[in-house]
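**Student:** To be precise about what I am sending: the file is called data-v1.tsv and holds TSV, C-alpha atoms and all ligand atoms.
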```
chain	number	residue	atom	x	y	z
A	1115	MET	CA	120.70	48.94	161.08
A	1116	VAL	CA	119.45	52.43	160.49
A	1117	TYR	CA	115.75	53.03	160.64
A	1118	THR	CA	114.38	56.06	158.91
A	1119	VAL	CA	111.60	58.02	160.47
A	1120	VAL	CA	110.39	60.85	158.39
A	1121	ILE	CA	108.84	64.18	158.97
A	1122	VAL	CA	106.47	65.23	156.24
A	1123	TYR	CA	105.60	68.80	155.64
A	1124	ASP	CA	104.86	70.93	152.67
A	1125	SER	CA	107.21	72.13	150.00
A	1126	HIS	CA	106.53	75.71	150.94
A	1127	PRO	CA	109.10	77.84	152.76
A	1128	ALA	CA	106.39	79.08	155.11
A	1129	LEU	CA	107.18	76.02	157.19
A	1130	GLN	CA	103.76	74.53	157.63
A	1131	GLY	CA	103.64	72.20	160.56
A	1132	ALA	CA	105.73	71.52	163.64
A	1133	PHE	CA	108.12	69.32	161.69
A	1134	ALA	CA	111.31	70.87	163.04
A	1135	GLU	CA	110.26	70.15	166.62
A	1136	HIS	CA	109.49	66.56	165.68
A	1137	GLN	CA	112.87	66.27	164.05
A	1138	LYS	CA	114.62	67.54	167.17
A	1139	SER	CA	112.68	65.21	169.45
A	1140	GLN	CA	113.38	62.26	167.21
A	1141	GLU	CA	117.03	63.16	166.85
A	1142	ARG	CA	117.46	63.23	170.59
A	1143	LEU	CA	116.85	59.50	170.32
A	1144	GLU	CA	119.50	59.12	167.66
A	1145	SER	CA	122.14	58.34	170.23
A	1146	ASN	CA	121.03	54.74	169.96
A	1147	GLY	CA	121.83	54.77	166.24
A	1148	GLU	CA	118.43	53.46	165.25
A	1149	VAL	CA	116.79	56.50	163.81
A	1150	LYS	CA	117.74	58.74	160.96
A	1151	VAL	CA	115.42	61.65	160.35
A	1152	VAL	CA	114.81	63.26	157.00
A	1153	GLN	CA	112.28	65.84	155.92
A	1154	VAL	CA	109.90	64.87	153.17
A	1155	ARG	CA	108.94	67.27	150.45
A	1156	THR	CA	108.85	64.98	147.41
A	1157	LYS	CA	107.88	61.45	146.47
A	1158	GLU	CA	111.58	60.63	146.16
A	1159	ASP	CA	112.10	61.66	149.80
A	1160	LEU	CA	109.12	59.56	150.84
A	1161	ASP	CA	110.37	56.49	148.98
A	1162	LYS	CA	113.46	56.43	151.18
A	1163	CYS	CA	111.43	56.15	154.38
A	1164	ASP	CA	110.48	53.29	156.61
A	1165	ALA	CA	108.02	55.34	158.65
A	1166	LEU	CA	106.46	58.73	158.69
A	1167	VAL	CA	105.46	61.39	161.18
A	1168	ILE	CA	102.78	63.83	160.08
A	1169	PRO	CA	103.10	66.90	162.28
A	1170	GLY	CA	100.62	69.32	163.74
A	1171	GLY	CA	99.88	72.55	161.94
A	1172	GLU	CA	96.80	73.00	159.83
A	1173	SER	CA	95.37	69.86	158.30
A	1174	THR	CA	93.69	71.61	155.39
A	1175	THR	CA	96.94	73.35	154.43
A	1176	ILE	CA	99.04	70.21	154.81
A	1177	ALA	CA	96.60	68.30	152.57
A	1178	LEU	CA	96.47	71.09	150.02
A	1179	LEU	CA	100.24	71.37	149.84
A	1180	ALA	CA	100.58	67.59	149.63
A	1181	ARG	CA	98.24	67.66	146.65
A	1182	LEU	CA	100.10	70.54	144.98
A	1183	SER	CA	103.42	68.76	145.39
A	1184	GLY	CA	102.06	65.47	144.05
A	1185	LEU	CA	102.37	63.76	147.42
A	1186	LEU	CA	98.74	63.06	148.21
A	1187	ASP	CA	98.42	59.68	146.48
A	1188	PRO	CA	101.96	58.53	147.42
A	1189	LEU	CA	101.12	59.37	151.05
A	1190	LYS	CA	97.91	57.33	150.88
A	1191	GLU	CA	99.87	54.38	149.50
A	1192	PHE	CA	102.56	54.83	152.15
A	1193	ILE	CA	99.97	54.68	154.92
A	1194	LYS	CA	98.69	51.36	153.59
A	1195	ALA	CA	102.14	49.84	153.84
A	1196	LYS	CA	104.18	51.49	156.57
A	1197	PRO	CA	103.91	52.91	160.10
A	1198	VAL	CA	102.65	56.46	160.40
A	1199	TRP	CA	102.21	58.71	163.43
A	1200	GLY	CA	99.92	61.72	163.17
A	1201	THR	CA	99.97	64.46	165.81
A	1202	CYS	CA	97.10	66.95	166.02
A	1203	ALA	CA	96.61	68.10	162.40
A	1204	GLY	CA	98.42	64.89	161.43
A	1205	ALA	CA	95.87	62.96	163.51
A	1206	ILE	CA	93.06	64.56	161.51
A	1207	LEU	CA	94.74	63.56	158.27
A	1208	LEU	CA	95.07	59.94	159.44
A	1209	SER	CA	91.38	59.70	160.36
A	1210	LYS	CA	88.75	58.15	158.14
A	1211	VAL	CA	86.09	60.81	158.78
A	1212	VAL	CA	86.34	64.43	159.97
A	1213	THR	CA	83.63	66.75	161.26
A	1214	GLY	CA	84.00	70.51	161.46
A	1215	ALA	CA	86.01	70.55	158.25
A	1216	LYS	CA	86.48	73.77	156.39
A	1217	LYS	CA	83.68	74.81	154.01
A	1218	GLY	CA	83.74	72.56	150.98
A	1219	GLY	CA	85.17	69.68	152.96
A	1220	GLN	CA	88.77	68.66	153.33
A	1221	GLU	CA	90.90	65.90	152.00
A	1222	LEU	CA	92.08	63.16	154.36
A	1223	LEU	CA	94.70	60.49	153.98
A	1224	GLY	CA	92.79	57.94	156.08
A	1225	GLY	CA	94.38	54.83	157.53
A	1226	MET	CA	92.73	54.78	160.96
A	1227	SER	CA	89.06	53.86	161.42
A	1228	VAL	CA	88.05	56.80	163.57
A	1229	THR	CA	85.89	59.90	163.31
A	1230	ILE	CA	87.48	63.09	164.58
A	1231	ALA	CA	86.17	66.62	165.23
A	1232	ARG	CA	88.50	69.30	163.94
A	1233	ASN	CA	89.13	72.04	166.55
A	1234	GLY	CA	86.90	69.97	168.86
A	1235	TRP	CA	88.26	71.53	172.07
A	1236	GLY	CA	87.85	75.04	170.76
A	1237	SER	CA	90.06	77.72	169.30
A	1238	GLN	CA	93.66	78.76	169.93
A	1239	VAL	CA	92.83	80.65	173.15
A	1240	GLU	CA	91.21	77.54	174.54
A	1241	SER	CA	94.42	75.55	174.22
A	1242	PHE	CA	95.36	73.67	177.37
A	1243	GLU	CA	97.87	71.32	178.92
A	1244	ALA	CA	96.98	68.16	180.82
A	1245	PRO	CA	99.04	65.53	182.66
A	1246	LEU	CA	98.45	62.18	180.98
A	1247	GLU	CA	98.95	58.75	182.43
A	1248	VAL	CA	100.40	56.59	179.70
A	1249	PRO	CA	101.15	53.04	180.82
A	1250	GLY	CA	102.92	52.11	177.54
A	1251	LEU	CA	105.68	54.72	177.92
A	1252	LYS	CA	108.99	54.29	179.70
A	1253	ASN	CA	108.78	55.44	183.33
A	1254	PRO	CA	104.97	55.26	183.19
A	1255	GLU	CA	104.68	56.59	186.73
A	1256	ASP	CA	105.72	60.04	185.40
A	1257	PRO	CA	102.75	61.73	183.74
A	1258	PHE	CA	103.28	62.95	180.19
A	1259	SER	CA	102.42	66.59	179.67
A	1260	GLY	CA	99.89	66.72	176.84
A	1261	VAL	CA	99.86	70.03	174.96
A	1262	PHE	CA	96.50	70.57	173.22
A	1263	ILE	CA	96.44	73.40	170.67
A	1264	ARG	CA	93.23	73.73	168.65
A	1265	ALA	CA	93.22	70.01	169.16
A	1266	PRO	CA	90.86	67.60	167.48
A	1267	VAL	CA	88.53	65.37	169.50
A	1268	LEU	CA	87.91	61.72	168.74
A	1269	LEU	CA	84.18	61.17	168.26
A	1270	SER	CA	84.13	57.47	167.51
A	1271	LEU	CA	86.55	54.60	167.46
A	1272	ASP	CA	85.14	52.20	164.89
A	1273	GLN	CA	86.28	48.68	164.45
A	1274	PRO	CA	85.46	47.40	160.95
A	1275	PRO	CA	86.88	43.91	160.34
A	1276	GLU	CA	89.38	45.05	157.72
A	1277	TYR	CA	91.23	47.25	160.24
A	1278	PRO	CA	93.55	46.07	163.03
A	1279	PRO	CA	92.24	46.47	166.59
A	1280	ILE	CA	92.34	49.94	168.11
A	1281	GLN	CA	94.29	50.18	171.34
A	1282	VAL	CA	93.72	53.18	173.62
A	1283	ILE	CA	97.10	54.57	174.73
A	1284	ALA	CA	96.07	57.66	176.72
A	1285	ARG	CA	92.96	59.39	178.03
A	1286	LEU	CA	92.32	62.83	179.49
A	1287	PRO	CA	92.20	62.52	183.27
A	1288	GLU	CA	88.73	62.72	184.80
A	1289	ASN	CA	89.45	66.01	186.55
A	1290	VAL	CA	90.52	67.82	183.38
A	1291	VAL	CA	87.74	69.81	181.80
A	1292	PRO	CA	88.88	71.54	178.63
A	1293	HIS	CA	87.87	75.17	178.38
A	1294	ALA	CA	85.51	74.97	175.50
A	1295	ILE	CA	83.02	72.76	173.87
A	1296	PRO	CA	82.45	73.16	170.18
A	1297	SER	CA	79.67	75.53	169.27
A	1298	ASP	CA	77.93	72.80	167.29
A	1299	ALA	CA	77.95	70.26	170.15
A	1300	THR	CA	74.47	68.86	170.58
A	1301	GLU	CA	75.10	66.67	173.59
A	1302	PRO	CA	74.89	67.78	177.22
A	1303	LEU	CA	78.12	69.10	178.68
A	1304	GLU	CA	78.67	66.14	180.97
A	1305	THR	CA	78.38	63.73	178.07
A	1306	TRP	CA	80.73	65.78	175.96
A	1307	PHE	CA	83.40	65.81	178.63
A	1308	GLY	CA	82.87	62.23	179.63
A	1309	ILE	CA	81.99	63.22	183.18
A	1310	ASN	CA	79.49	60.79	184.62
A	1311	SER	CA	79.09	59.57	181.10
A	1312	ASN	CA	76.73	56.71	181.00
A	1313	LEU	CA	77.50	55.09	177.71
A	1314	GLU	CA	75.44	52.13	176.70
A	1315	GLY	CA	77.26	48.87	177.21
A	1316	GLY	CA	79.74	50.54	179.55
A	1317	GLY	CA	81.95	51.52	176.61
A	1318	GLU	CA	84.34	54.37	177.12
A	1319	ASP	CA	83.72	57.86	175.90
A	1320	PRO	CA	85.94	58.34	172.82
A	1321	LYS	CA	86.06	62.09	173.46
A	1322	ARG	CA	88.37	61.54	176.42
A	1323	VAL	CA	90.69	59.33	174.37
A	1324	VAL	CA	93.70	61.35	173.25
A	1325	ALA	CA	96.12	58.72	171.93
A	1326	ILE	CA	95.44	55.48	170.12
A	1327	ARG	CA	97.35	52.88	168.25
A	1328	GLN	CA	95.92	50.84	165.40
A	1329	GLY	CA	98.26	48.23	164.00
A	1330	ARG	CA	101.42	50.13	163.14
A	1331	HIS	CA	99.83	53.57	163.20
A	1332	LEU	CA	99.82	55.96	166.12
A	1333	LEU	CA	97.51	58.95	166.62
A	1334	THR	CA	97.90	61.65	169.26
A	1335	THR	CA	95.53	64.62	169.40
A	1336	PHE	CA	98.18	66.62	171.30
A	1337	HIS	CA	101.78	67.69	170.54
A	1338	PRO	CA	104.48	65.51	172.15
A	1339	GLU	CA	107.11	67.31	170.05
A	1340	LEU	CA	106.46	70.58	171.90
A	1341	THR	CA	107.80	69.20	175.18
A	1342	ARG	CA	111.30	68.05	175.99
A	1343	ASP	CA	109.94	64.64	176.85
A	1344	ASN	CA	110.83	62.17	174.07
A	1345	ARG	CA	108.91	59.23	175.39
A	1346	PHE	CA	106.24	59.22	172.68
A	1347	HIS	CA	108.94	59.38	170.01
A	1348	GLU	CA	110.68	56.46	171.68
A	1349	TYR	CA	107.33	54.60	171.88
A	1350	PHE	CA	106.61	55.09	168.17
A	1351	VAL	CA	110.00	53.72	167.14
A	1352	ARG	CA	109.92	50.84	169.63
A	1353	GLU	CA	106.32	49.74	169.15
A	1354	CYS	CA	105.35	50.71	165.61
A	1355	VAL	CA	108.50	51.07	163.51
A	1356	ILE	CA	111.03	48.49	164.62
A	1357	PRO	CA	108.73	45.44	164.96
A	1358	GLY	CA	107.54	45.96	161.37
A	1359	LEU	CA	111.07	46.27	160.02
A	1360	LEU	CA	112.16	43.14	161.82
A	1361	SER	CA	109.30	41.14	160.35
A	1362	THR	CA	109.97	42.12	156.72
B	1	LIG	N1	97.75	72.17	166.55
B	1	LIG	C1	97.23	71.67	165.47
B	1	LIG	O1	97.82	70.85	164.76
B	1	LIG	C2	95.86	72.18	165.13
B	1	LIG	C3	95.16	71.42	164.06
B	1	LIG	C4	94.15	72.29	163.34
B	1	LIG	N2	93.04	72.60	164.18
B	1	LIG	C5	93.69	71.63	162.04
B	1	LIG	O2	92.60	71.66	161.71
B	1	LIG	O3	94.44	71.08	161.36
```
Would you give me this structure, written as structure tokens?
**Tutor:**
Amino acid sequence: MVYTVVIVYDSHPALQGAFAEHQKSQERLESNGEVKVVQVRTKEDLDKCDALVIPGGESTTIALLARLSGLLDPLKEFIKAKPVWGTCAGAILLSKVVTGAKKGGQELLGGMSVTIARNGWGSQVESFEAPLEVPGLKNPEDPFSGVFIRAPVLLSLDQPPEYPPIQVIARLPENVVPHAIPSDATEPLETWFGINSNLEGGGEDPKRVVAIRQGRHLLTTFHPELTRDNRFHEYFVRECVIPGLLST
């Protein structure tokens, strides 16, 4: 059986989004014959897909181009029915609420019951890399190198009854302190970074959470496609895509 994982990006030749890198990473898995990768620019492309990857790039541009190419509503419908993985800008698009949006707000696709801060770790120059422990990956003893580029920060993981449970897949290690806090942060530094955070009820600080799964959707605030490590791509297919296909 061939499973189709799709890279969505805009219909514009300016190549918005890191779709080509996602395609390469996913295709490195193709040796097992389970994944065929196509790029999505139209509703017809989308209709052929069993799952979707929304790449990093610029969430406002991706949403705008999706609207201009008539993909916005089909994407929203797709997310209700099929597995989707959003990385960085894609993670913003999958969120229910965004803060720090561009003036005038920005359109989201929704699908995951989280609030996310756009550019929450600062600007391009404040990009950073952090070794992540991810127990769900193959060879979990090897840390996964998380590449954070103008990355968003999760502000709350909400659990309304109509959504499947949120599962935390990866957190920033305690000793990693990103270079910047957003200029509009109102909380003390230690709370923002989750250091000595003393959350009521002992809950975890969502700002340190960098990868979650909710039902068949996956969200990573970093860019697994910019490393040569395919383990997140393998995880998405194994945990989110294939089980759903087998049950339909
Ligand atoms: N690397 C990225 O995808 C950056 C995301 C970007 N900050 C946005 O708002 O969409």
**Student:** CA of Val1228 (chain A) to CA of Leu1269 (chain A): how many Å, to one decimal?
**Tutor:**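 Distance reported for this atom pair: 7.5 Å.
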**Student:** Just give me the gap between CA of Ala1180 (chain A) and CA of Leu1222 (chain A) in Å, one decimal is fine.
**Tutor:**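 Straight-line distance from CA of Ala1180 (chain A) to CA of Leu1222 (chain A) works out to 10.7 Å.
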**Student:** Show me which residues sit within 6 Å of ligand LIG 1 (chain B) when counting all atoms listed in the file, and put them as a CSV table (one decimal) with C-alpha atoms, in the frame of the given file.
**Tutor:**
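That gives us part-v5.csv:
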```
chain,number,residue,atom,x,y,z
A,1170,GLY,CA,100.6,69.3,163.7
A,1171,GLY,CA,99.9,72.6,161.9
A,1172,GLU,CA,96.8,73.0,159.8
A,1173,SER,CA,95.4,69.9,158.3
A,1202,CYS,CA,97.1,67.0,166.0
A,1203,ALA,CA,96.6,68.1,162.4
A,1232,ARG,CA,88.5,69.3,163.9
A,1233,ASN,CA,89.1,72.0,166.6
A,1263,ILE,CA,96.4,73.4,170.7
A,1264,ARG,CA,93.2,73.7,168.6
A,1265,ALA,CA,93.2,70.0,169.2
```
**Student:** Take CA of Phe1258 (chain A) and CA of Gly1236 (chain A) and report the distance between them in Å, one decimal.
**Tutor:**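 CA of Phe1258 (chain A) sits 21.8 Å away from CA of Gly1236 (chain A).
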**Student:** Given only C-alpha atoms as the basis, pick out the residue of A:Pro1292, A:Gly1329, A:Pro1357, A:Pro1279 nearest to Val1198 (chain A).
**Tutor:**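 Ranking A:Pro1292, A:Gly1329, A:Pro1357, A:Pro1279 by distance to Val1198 (chain A), first place goes to A:Gly1329.
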**Student:** Calculated over all atoms listed in the file, which of the candidates A:Tyr1277, A:Phe1346, A:Trp1199, A:Trp1235 has the smallest distance to Asn1253 (chain A)?
**Tutor:**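 For Asn1253 (chain A), the nearest of the candidates is A:Phe1346.
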**Student:** List the neighbours of Pro1274 (chain A) out to 12 Å using all atoms listed in the file; skip same-chain residues closer than 6 positions along the sequence, and give me the result as an NGL selection string.
**Tutor:** :A and (1210 or 1226-1228 or 1280 or 1328)
**Student:** Can I get the residues of region 1146-1263 of chain A within 6 Å of region 1334-1338 of chain A, each with the closest pair of atoms and their distance in Å to one decimal, using all atoms listed in the file, sorted chain first then ascending number, as CSV?
**Tutor:**
```
residue,atom,partner,partner_atom,distance
A:Thr1201,CA,A:Thr1334,CA,4.9
A:Cys1202,CA,A:Thr1335,CA,4.4
A:Gly1260,CA,A:Phe1336,CA,5.8
A:Val1261,CA,A:Phe1336,CA,5.3
A:Phe1262,CA,A:Phe1336,CA,4.7
```
**Student:** Report as a PDB file with C-alpha atoms, keeping the file's coordinate frame all protein, DNA and RNA residues lying within 12 Å of Gln1281 (chain A), evaluated on only C-alpha atoms, omitting residues in the same chain fewer than 6 positions from it.
**Tutor:**
```pdb
ATOM      1  CA  MET A1226      92.730  54.780 160.960  1.00  0.00           C
ATOM      2  CA  SER A1227      89.060  53.860 161.420  1.00  0.00           C
ATOM      3  CA  VAL A1228      88.050  56.800 163.570  1.00  0.00           C
ATOM      4  CA  GLY A1250     102.920  52.110 177.540  1.00  0.00           C
ATOM      5  CA  LEU A1271      86.550  54.600 167.460  1.00  0.00           C
ATOM      6  CA  ASP A1272      85.140  52.200 164.890  1.00  0.00           C
ATOM      7  CA  GLN A1273      86.280  48.680 164.450  1.00  0.00           C
ATOM      8  CA  PRO A1320      85.940  58.340 172.820  1.00  0.00           C
ATOM      9  CA  VAL A1323      90.690  59.330 174.370  1.00  0.00           C
ATOM     10  CA  VAL A1324      93.700  61.350 173.250  1.00  0.00           C
ATOM     11  CA  ALA A1325      96.120  58.720 171.930  1.00  0.00           C
ATOM     12  CA  ILE A1326      95.440  55.480 170.120  1.00  0.00           C
ATOM     13  CA  ARG A1327      97.350  52.880 168.250  1.00  0.00           C
ATOM     14  CA  GLN A1328      95.920  50.840 165.400  1.00  0.00           C
ATOM     15  CA  GLY A1329      98.260  48.230 164.000  1.00  0.00           C
ATOM     16  CA  ARG A1330     101.420  50.130 163.140  1.00  0.00           C
ATOM     17  CA  HIS A1331      99.830  53.570 163.200  1.00  0.00           C
ATOM     18  CA  LEU A1332      99.820  55.960 166.120  1.00  0.00           C
ATOM     19  CA  LEU A1333      97.510  58.950 166.620  1.00  0.00           C
TER      20      LEU A1333
END
```
**Student:** Excluding Asp1343 (chain A) and any residue of its chain fewer than 6 positions from it, enumerate the residues within 12 Å of it, using all atoms listed in the file, and give them as a list in words.
**Tutor:** Glu1135, His1136, Lys1138, Ser1139, Gln1140, Arg1142, Leu1143, Leu1251, Lys1252, Asn1253, Asp1256, Pro1257, Phe1258, Ser1259, Gly1260, Val1261, His1337 and Tyr1349 of chain A
**Student:** Next, the residues of the selection above should be written as a CSV table (one decimal), in the coordinates of the input with C-alpha atoms.
**Tutor:**
```
chain,number,residue,atom,x,y,z
A,1135,GLU,CA,110.3,70.2,166.6
A,1136,HIS,CA,109.5,66.6,165.7
A,1138,LYS,CA,114.6,67.5,167.2
A,1139,SER,CA,112.7,65.2,169.4
A,1140,GLN,CA,113.4,62.3,167.2
A,1142,ARG,CA,117.5,63.2,170.6
A,1143,LEU,CA,116.8,59.5,170.3
A,1251,LEU,CA,105.7,54.7,177.9
A,1252,LYS,CA,109.0,54.3,179.7
A,1253,ASN,CA,108.8,55.4,183.3
A,1256,ASP,CA,105.7,60.0,185.4
A,1257,PRO,CA,102.8,61.7,183.7
A,1258,PHE,CA,103.3,63.0,180.2
A,1259,SER,CA,102.4,66.6,179.7
A,1260,GLY,CA,99.9,66.7,176.8
A,1261,VAL,CA,99.9,70.0,175.0
A,1337,HIS,CA,101.8,67.7,170.5
A,1349,TYR,CA,107.3,54.6,171.9
```
**Student:** Which of these residues is nearest to Lys1194 (chain A), using only C-alpha atoms: A:Leu1223, A:Leu1207, A:Val1239, A:Ile1176?
**Tutor:** A:Leu1223
**Student:** Of the candidates A:Val1355, A:Leu1340, A:Val1267, A:Val1211, which one gets nearest to Cys1163 (chain A) if we count only C-alpha atoms?
**Tutor:**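 That would be A:Val1355, the residue with the smallest distance to Cys1163 (chain A).
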**Student:** Which is closer to Gln1238 (chain A) than all the others in A:Pro1266, A:Glu1276, A:Ala1177, A:His1347, using only C-alpha atoms?
**Tutor:**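 For Gln1238 (chain A), the nearest of the candidates is A:Pro1266.
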**Student:** Find the spatial neighbours of Lys1190 (chain A), counting only C-alpha atoms, within a cut-off of 10 Å - ignore same-chain residues fewer than 5 positions away - and output them as a PDB file with C-alpha atoms, in the coordinates of the input.
**Tutor:**
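File written: result-v2.pdb
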```
ATOM      1  CA  LEU A1185     102.370  63.760 147.420  1.00  0.00           C
ATOM      2  CA  ALA A1195     102.140  49.840 153.840  1.00  0.00           C
ATOM      3  CA  LEU A1208      95.070  59.940 159.440  1.00  0.00           C
ATOM      4  CA  LEU A1222      92.080  63.160 154.360  1.00  0.00           C
ATOM      5  CA  LEU A1223      94.700  60.490 153.980  1.00  0.00           C
ATOM      6  CA  GLY A1224      92.790  57.940 156.080  1.00  0.00           C
ATOM      7  CA  GLY A1225      94.380  54.830 157.530  1.00  0.00           C
TER       8      GLY A1225
END
```
